[in-house]
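Here's final_39.cif, which has mmCIF, C-alpha atoms, pLDDT in the B column; chains and numbers go by the auth columns:
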```
data_entry
loop_
_atom_site.group_PDB
_atom_site.id
_atom_site.type_symbol
_atom_site.label_atom_id
_atom_site.label_comp_id
_atom_site.label_asym_id
_atom_site.label_seq_id
_atom_site.Cartn_x
_atom_site.Cartn_y
_atom_site.Cartn_z
_atom_site.B_iso_or_equiv
_atom_site.auth_seq_id
_atom_site.auth_asym_id
ATOM 1 C CA MET A 1 0.000 0.000 0.000 45.00 1 A
ATOM 2 C CA SER A 2 1.465 3.362 -0.938 46.00 2 A
ATOM 3 C CA THR A 3 1.766 6.199 1.565 45.00 3 A
ATOM 4 C CA PHE A 4 -1.066 7.994 -0.211 45.00 4 A
ATOM 5 C CA ASP A 5 -3.302 4.889 -0.004 49.00 5 A
ATOM 6 C CA ALA A 6 -2.426 4.380 3.669 44.00 6 A
ATOM 7 C CA THR A 7 -3.212 8.020 4.444 47.00 7 A
ATOM 8 C CA ARG A 8 -6.505 7.762 2.606 51.00 8 A
ATOM 9 C CA ALA A 9 -7.386 4.531 4.467 49.00 9 A
ATOM 10 C CA VAL A 10 -6.681 6.173 7.829 50.00 10 A
ATOM 11 C CA GLY A 11 -8.630 9.247 6.755 61.00 11 A
ATOM 12 C CA SER A 12 -11.617 7.179 5.666 70.00 12 A
ATOM 13 C CA GLY A 13 -11.522 5.390 9.031 78.00 13 A
ATOM 14 C CA HIS A 14 -11.836 8.725 10.784 88.00 14 A
ATOM 15 C CA VAL A 15 -14.717 9.725 8.503 91.00 15 A
ATOM 16 C CA THR A 16 -16.487 6.451 9.251 89.00 16 A
ATOM 17 C CA ALA A 17 -15.902 6.895 12.987 90.00 17 A
ATOM 18 C CA ARG A 18 -17.442 10.381 12.835 92.00 18 A
ATOM 19 C CA ARG A 19 -20.429 9.027 10.916 91.00 19 A
ATOM 20 C CA LEU A 20 -20.932 6.270 13.477 89.00 20 A
ATOM 21 C CA MET A 21 -20.752 8.791 16.323 92.00 21 A
ATOM 22 C CA ALA A 22 -23.420 10.880 14.577 92.00 22 A
ATOM 23 C CA LEU A 23 -25.585 7.794 14.183 90.00 23 A
ATOM 24 C CA ALA A 24 -25.112 6.903 17.861 90.00 24 A
ATOM 25 C CA ALA A 25 -26.103 10.451 18.834 93.00 25 A
ATOM 26 C CA LEU A 26 -29.297 10.163 16.788 91.00 26 A
ATOM 27 C CA TYR A 27 -30.143 6.871 18.495 90.00 27 A
ATOM 28 C CA ARG A 28 -29.456 8.309 21.956 92.00 28 A
ATOM 29 C CA GLU A 29 -31.957 11.054 21.080 94.00 29 A
ATOM 30 C CA GLY A 30 -34.549 8.436 20.120 92.00 30 A
ATOM 31 C CA GLN A 31 -34.325 9.119 16.390 92.00 31 A
ATOM 32 C CA ASN A 32 -33.865 5.517 15.375 87.00 32 A
ATOM 33 C CA SER A 33 -34.825 3.930 12.067 89.00 33 A
ATOM 34 C CA ALA A 34 -35.937 0.409 11.181 92.00 34 A
ATOM 35 C CA LEU A 35 -33.938 0.613 7.946 92.00 35 A
ATOM 36 C CA ILE A 36 -30.746 1.534 9.768 90.00 36 A
ATOM 37 C CA ASP A 37 -31.450 -1.138 12.408 91.00 37 A
ATOM 38 C CA ARG A 38 -31.638 -3.806 9.686 94.00 38 A
ATOM 39 C CA ALA A 39 -28.575 -2.493 7.848 92.00 39 A
ATOM 40 C CA VAL A 40 -26.448 -2.351 10.990 91.00 40 A
ATOM 41 C CA SER A 41 -27.600 -5.807 12.092 92.00 41 A
ATOM 42 C CA ARG A 42 -26.693 -7.258 8.708 95.00 42 A
ATOM 43 C CA MET A 43 -23.298 -5.547 8.660 94.00 43 A
ATOM 44 C CA LEU A 44 -22.468 -6.820 12.132 94.00 44 A
ATOM 45 C CA ALA A 45 -23.610 -10.340 11.236 95.00 45 A
ATOM 46 C CA TYR A 46 -21.541 -10.277 8.046 96.00 46 A
ATOM 47 C CA GLU A 47 -18.425 -9.087 9.867 95.00 47 A
ATOM 48 C CA ALA A 48 -18.959 -11.654 12.633 96.00 48 A
ATOM 49 C CA GLU A 49 -19.165 -14.444 10.060 97.00 49 A
ATOM 50 C CA ARG A 50 -15.954 -13.223 8.395 96.00 50 A
ATOM 51 C CA CYS A 51 -14.287 -13.274 11.818 97.00 51 A
ATOM 52 C CA ARG A 52 -15.529 -16.803 12.512 97.00 52 A
ATOM 53 C CA ARG A 53 -14.110 -18.081 9.220 97.00 53 A
ATOM 54 C CA HIS A 54 -10.753 -16.384 9.728 97.00 54 A
ATOM 55 C CA LEU A 55 -10.644 -17.564 13.349 97.00 55 A
ATOM 56 C CA ALA A 56 -11.337 -21.153 12.276 97.00 56 A
ATOM 57 C CA ASP A 57 -8.375 -20.971 9.885 97.00 57 A
ATOM 58 C CA LEU A 58 -6.131 -19.591 12.623 97.00 58 A
ATOM 59 C CA GLN A 59 -7.303 -22.203 15.113 97.00 59 A
ATOM 60 C CA ALA A 60 -6.436 -24.956 12.635 97.00 60 A
ATOM 61 C CA ASP A 61 -2.935 -23.497 12.327 97.00 61 A
ATOM 62 C CA LEU A 62 -2.642 -23.220 16.107 98.00 62 A
ATOM 63 C CA ALA A 63 -3.779 -26.827 16.520 98.00 63 A
ATOM 64 C CA GLY A 64 -0.885 -27.917 14.326 97.00 64 A
ATOM 65 C CA PHE A 65 1.609 -26.203 16.630 97.00 65 A
ATOM 66 C CA GLU A 66 -0.161 -27.562 19.716 98.00 66 A
ATOM 67 C CA GLN A 67 0.045 -31.088 18.371 98.00 67 A
ATOM 68 C CA GLN A 68 3.657 -30.703 17.257 96.00 68 A
ATOM 69 C CA TYR A 69 4.859 -29.313 20.593 96.00 69 A
ATOM 70 C CA GLY A 70 2.329 -30.908 22.981 96.00 70 A
ATOM 71 C CA LEU A 71 1.360 -27.573 24.514 96.00 71 A
ATOM 72 C CA HIS A 72 -1.870 -25.571 24.430 97.00 72 A
ATOM 73 C CA SER A 73 -1.499 -22.197 22.684 97.00 73 A
ATOM 74 C CA ALA A 74 -2.555 -20.170 25.740 95.00 74 A
ATOM 75 C CA ASP A 75 0.060 -21.932 27.900 96.00 75 A
ATOM 76 C CA PHE A 76 2.683 -21.555 25.179 97.00 76 A
ATOM 77 C CA TYR A 77 1.961 -17.850 24.767 96.00 77 A
ATOM 78 C CA ALA A 78 2.150 -17.151 28.518 96.00 78 A
ATOM 79 C CA ARG A 79 5.519 -18.914 28.691 96.00 79 A
ATOM 80 C CA TYR A 80 6.696 -17.187 25.503 96.00 80 A
ATOM 81 C CA GLN A 81 5.778 -13.765 26.910 95.00 81 A
ATOM 82 C CA ALA A 82 7.560 -14.619 30.174 96.00 82 A
ATOM 83 C CA GLY A 83 10.743 -15.413 28.220 95.00 83 A
ATOM 84 C CA GLU A 84 10.653 -19.085 29.147 96.00 84 A
ATOM 85 C CA ILE A 85 10.621 -20.176 25.490 93.00 85 A
ATOM 86 C CA ASP A 86 13.262 -19.254 22.938 90.00 86 A
ATOM 87 C CA ASP A 87 12.733 -17.204 19.776 89.00 87 A
ATOM 88 C CA ARG A 88 13.074 -19.889 17.138 94.00 88 A
ATOM 89 C CA MET A 89 11.076 -19.184 13.995 96.00 89 A
ATOM 90 C CA ASP A 90 8.307 -21.707 14.780 95.00 90 A
ATOM 91 C CA PHE A 91 7.708 -20.058 18.133 96.00 91 A
ATOM 92 C CA VAL A 92 7.666 -16.543 16.700 96.00 92 A
ATOM 93 C CA GLU A 93 5.074 -17.673 14.152 97.00 93 A
ATOM 94 C CA TRP A 94 3.035 -19.494 16.808 97.00 94 A
ATOM 95 C CA ALA A 95 3.073 -16.400 19.035 97.00 95 A
ATOM 96 C CA ALA A 96 1.943 -14.199 16.129 97.00 96 A
ATOM 97 C CA LEU A 97 -0.900 -16.588 15.310 98.00 97 A
ATOM 98 C CA ALA A 98 -1.948 -16.703 18.978 97.00 98 A
ATOM 99 C CA GLN A 99 -2.044 -12.877 19.077 97.00 99 A
ATOM 100 C CA MET A 100 -4.057 -12.729 15.865 97.00 100 A
ATOM 101 C CA ALA A 101 -6.533 -15.301 17.197 97.00 101 A
ATOM 102 C CA ALA A 102 -6.940 -13.382 20.478 96.00 102 A
ATOM 103 C CA ARG A 103 -7.631 -10.157 18.596 96.00 103 A
ATOM 104 C CA LEU A 104 -10.161 -11.881 16.355 96.00 104 A
ATOM 105 C CA GLU A 105 -11.892 -13.466 19.358 96.00 105 A
ATOM 106 C CA HIS A 106 -12.156 -10.025 20.956 95.00 106 A
ATOM 107 C CA ARG A 107 -13.441 -8.511 17.686 95.00 107 A
ATOM 108 C CA LEU A 108 -16.036 -11.272 17.419 95.00 108 A
ATOM 109 C CA ARG A 109 -17.224 -10.659 20.997 95.00 109 A
ATOM 110 C CA LEU A 110 -17.540 -6.946 20.189 93.00 110 A
ATOM 111 C CA LEU A 111 -19.496 -7.644 17.016 93.00 111 A
ATOM 112 C CA GLN A 112 -21.816 -9.964 18.913 91.00 112 A
ATOM 113 C CA GLY A 113 -22.347 -7.379 21.663 88.00 113 A
ATOM 114 C CA GLU A 114 -20.767 -9.592 24.337 87.00 114 A
ATOM 115 C CA VAL A 115 -18.317 -6.894 25.498 79.00 115 A
ATOM 116 C CA GLU A 116 -18.357 -3.129 25.393 74.00 116 A
ATOM 117 C CA ALA A 117 -15.975 -1.288 23.076 70.00 117 A
ATOM 118 C CA GLY A 118 -12.849 -0.159 24.913 63.00 118 A
ATOM 119 C CA ALA A 119 -13.338 -2.758 27.651 59.00 119 A
ATOM 120 C CA GLY A 120 -9.806 -3.871 28.534 54.00 120 A
ATOM 121 C CA GLU A 121 -6.824 -5.174 26.669 52.00 121 A
ATOM 122 C CA VAL A 122 -6.821 -8.154 24.368 55.00 122 A
ATOM 123 C CA ALA A 123 -4.753 -11.013 25.781 56.00 123 A
ATOM 124 C CA ALA A 124 -3.450 -13.789 23.568 56.00 124 A
#
```

Please lay out the structure from this file as C-alpha cells.
Amino acid sequence: MSTFDATRAVGSGHVTARRLMALAALYREGQNSALIDRAVSRMLAYEAERCRRHLADLQADLAGFEQQYGLHSADFYARYQAGEIDDRMDFVEWAALAQMAARLEHRLRLLQGEVEAGAGEVAA
C-alpha cells in the first residue's frame, strides 16, 4: 500500500468513525430507524461471520503447533511472553498466530455485543 493509499485509508476510518458517532447520537436522542437497524444488524452479522471463518483458519494453524509441541497455545503464549521459550522461527510464528486469534476473538465478541468497546486489553 502506498503512503497515499495508507493516508486515505486512515482518513476514511476517521470519517467512518465520525459518521458512526453521529448515528449513535441520533439513536441516543430516540431518532432511530428500522432501515438503519436492519442495515447495521446485517453488517455486524456479516463481519462476525468473516471473523468466525478467519478464526477457524487460525485455530487450525494453532492446533498444528499444539500437536507438534504438545502444549496448548494459551500456555505456550504465557511462557513465551515470560521469556521461558526461545525465539526460534516456529515459536515466533506461533506467538503471532496466537495474538491474531486473540484479537479476532475479541473482535467477534464486540461484534456480537458480548463486550463493550474499549473494555480492557486483548490477551493472547

Selection result for the PyMOL selection byres ((chain A and resi 62-70) around 10) on this file, as a CSV table (one decimal) with C-alpha atoms, keeping the file's coordinate frame:
```csv
chain,number,residue,atom,x,y,z
A,56,ALA,CA,-11.3,-21.2,12.3
A,57,ASP,CA,-8.4,-21.0,9.9
A,58,LEU,CA,-6.1,-19.6,12.6
A,59,GLN,CA,-7.3,-22.2,15.1
A,60,ALA,CA,-6.4,-25.0,12.6
A,61,ASP,CA,-2.9,-23.5,12.3
A,71,LEU,CA,1.4,-27.6,24.5
A,72,HIS,CA,-1.9,-25.6,24.4
A,73,SER,CA,-1.5,-22.2,22.7
A,74,ALA,CA,-2.6,-20.2,25.7
A,75,ASP,CA,0.1,-21.9,27.9
A,76,PHE,CA,2.7,-21.6,25.2
A,90,ASP,CA,8.3,-21.7,14.8
A,91,PHE,CA,7.7,-20.1,18.1
A,93,GLU,CA,5.1,-17.7,14.2
A,94,TRP,CA,3.0,-19.5,16.8
A,95,ALA,CA,3.1,-16.4,19.0
A,97,LEU,CA,-0.9,-16.6,15.3
A,98,ALA,CA,-1.9,-16.7,19.0
A,101,ALA,CA,-6.5,-15.3,17.2
```

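Each of A:Ala24, A:Arg19, A:Arg107, A:Glu49 was compared to Asp37 of chain A using all atoms listed in the file, and A:Ala24 turns out to be the nearest.
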
Name the residues in contact with segment 108-111 of chain A at a cut-off of 12 Å, using only C-alpha atoms, excluding same-chain residues fewer than 6 positions from it; report them as a ChimeraX atom specification. /A:40-55,101-102,117-120,122

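Atom CA of Leu104 of chain A lies 24.6 Å from atom CA of Arg88 of chain A.
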
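In this model, the gap between atom CA of Ser33 of chain A and atom CA of Leu20 of chain A comes to 14.2 Å.
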
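Across the structure, atom CA of Val115 of chain A and atom CA of Arg103 of chain A are spaced 13.1 Å apart.
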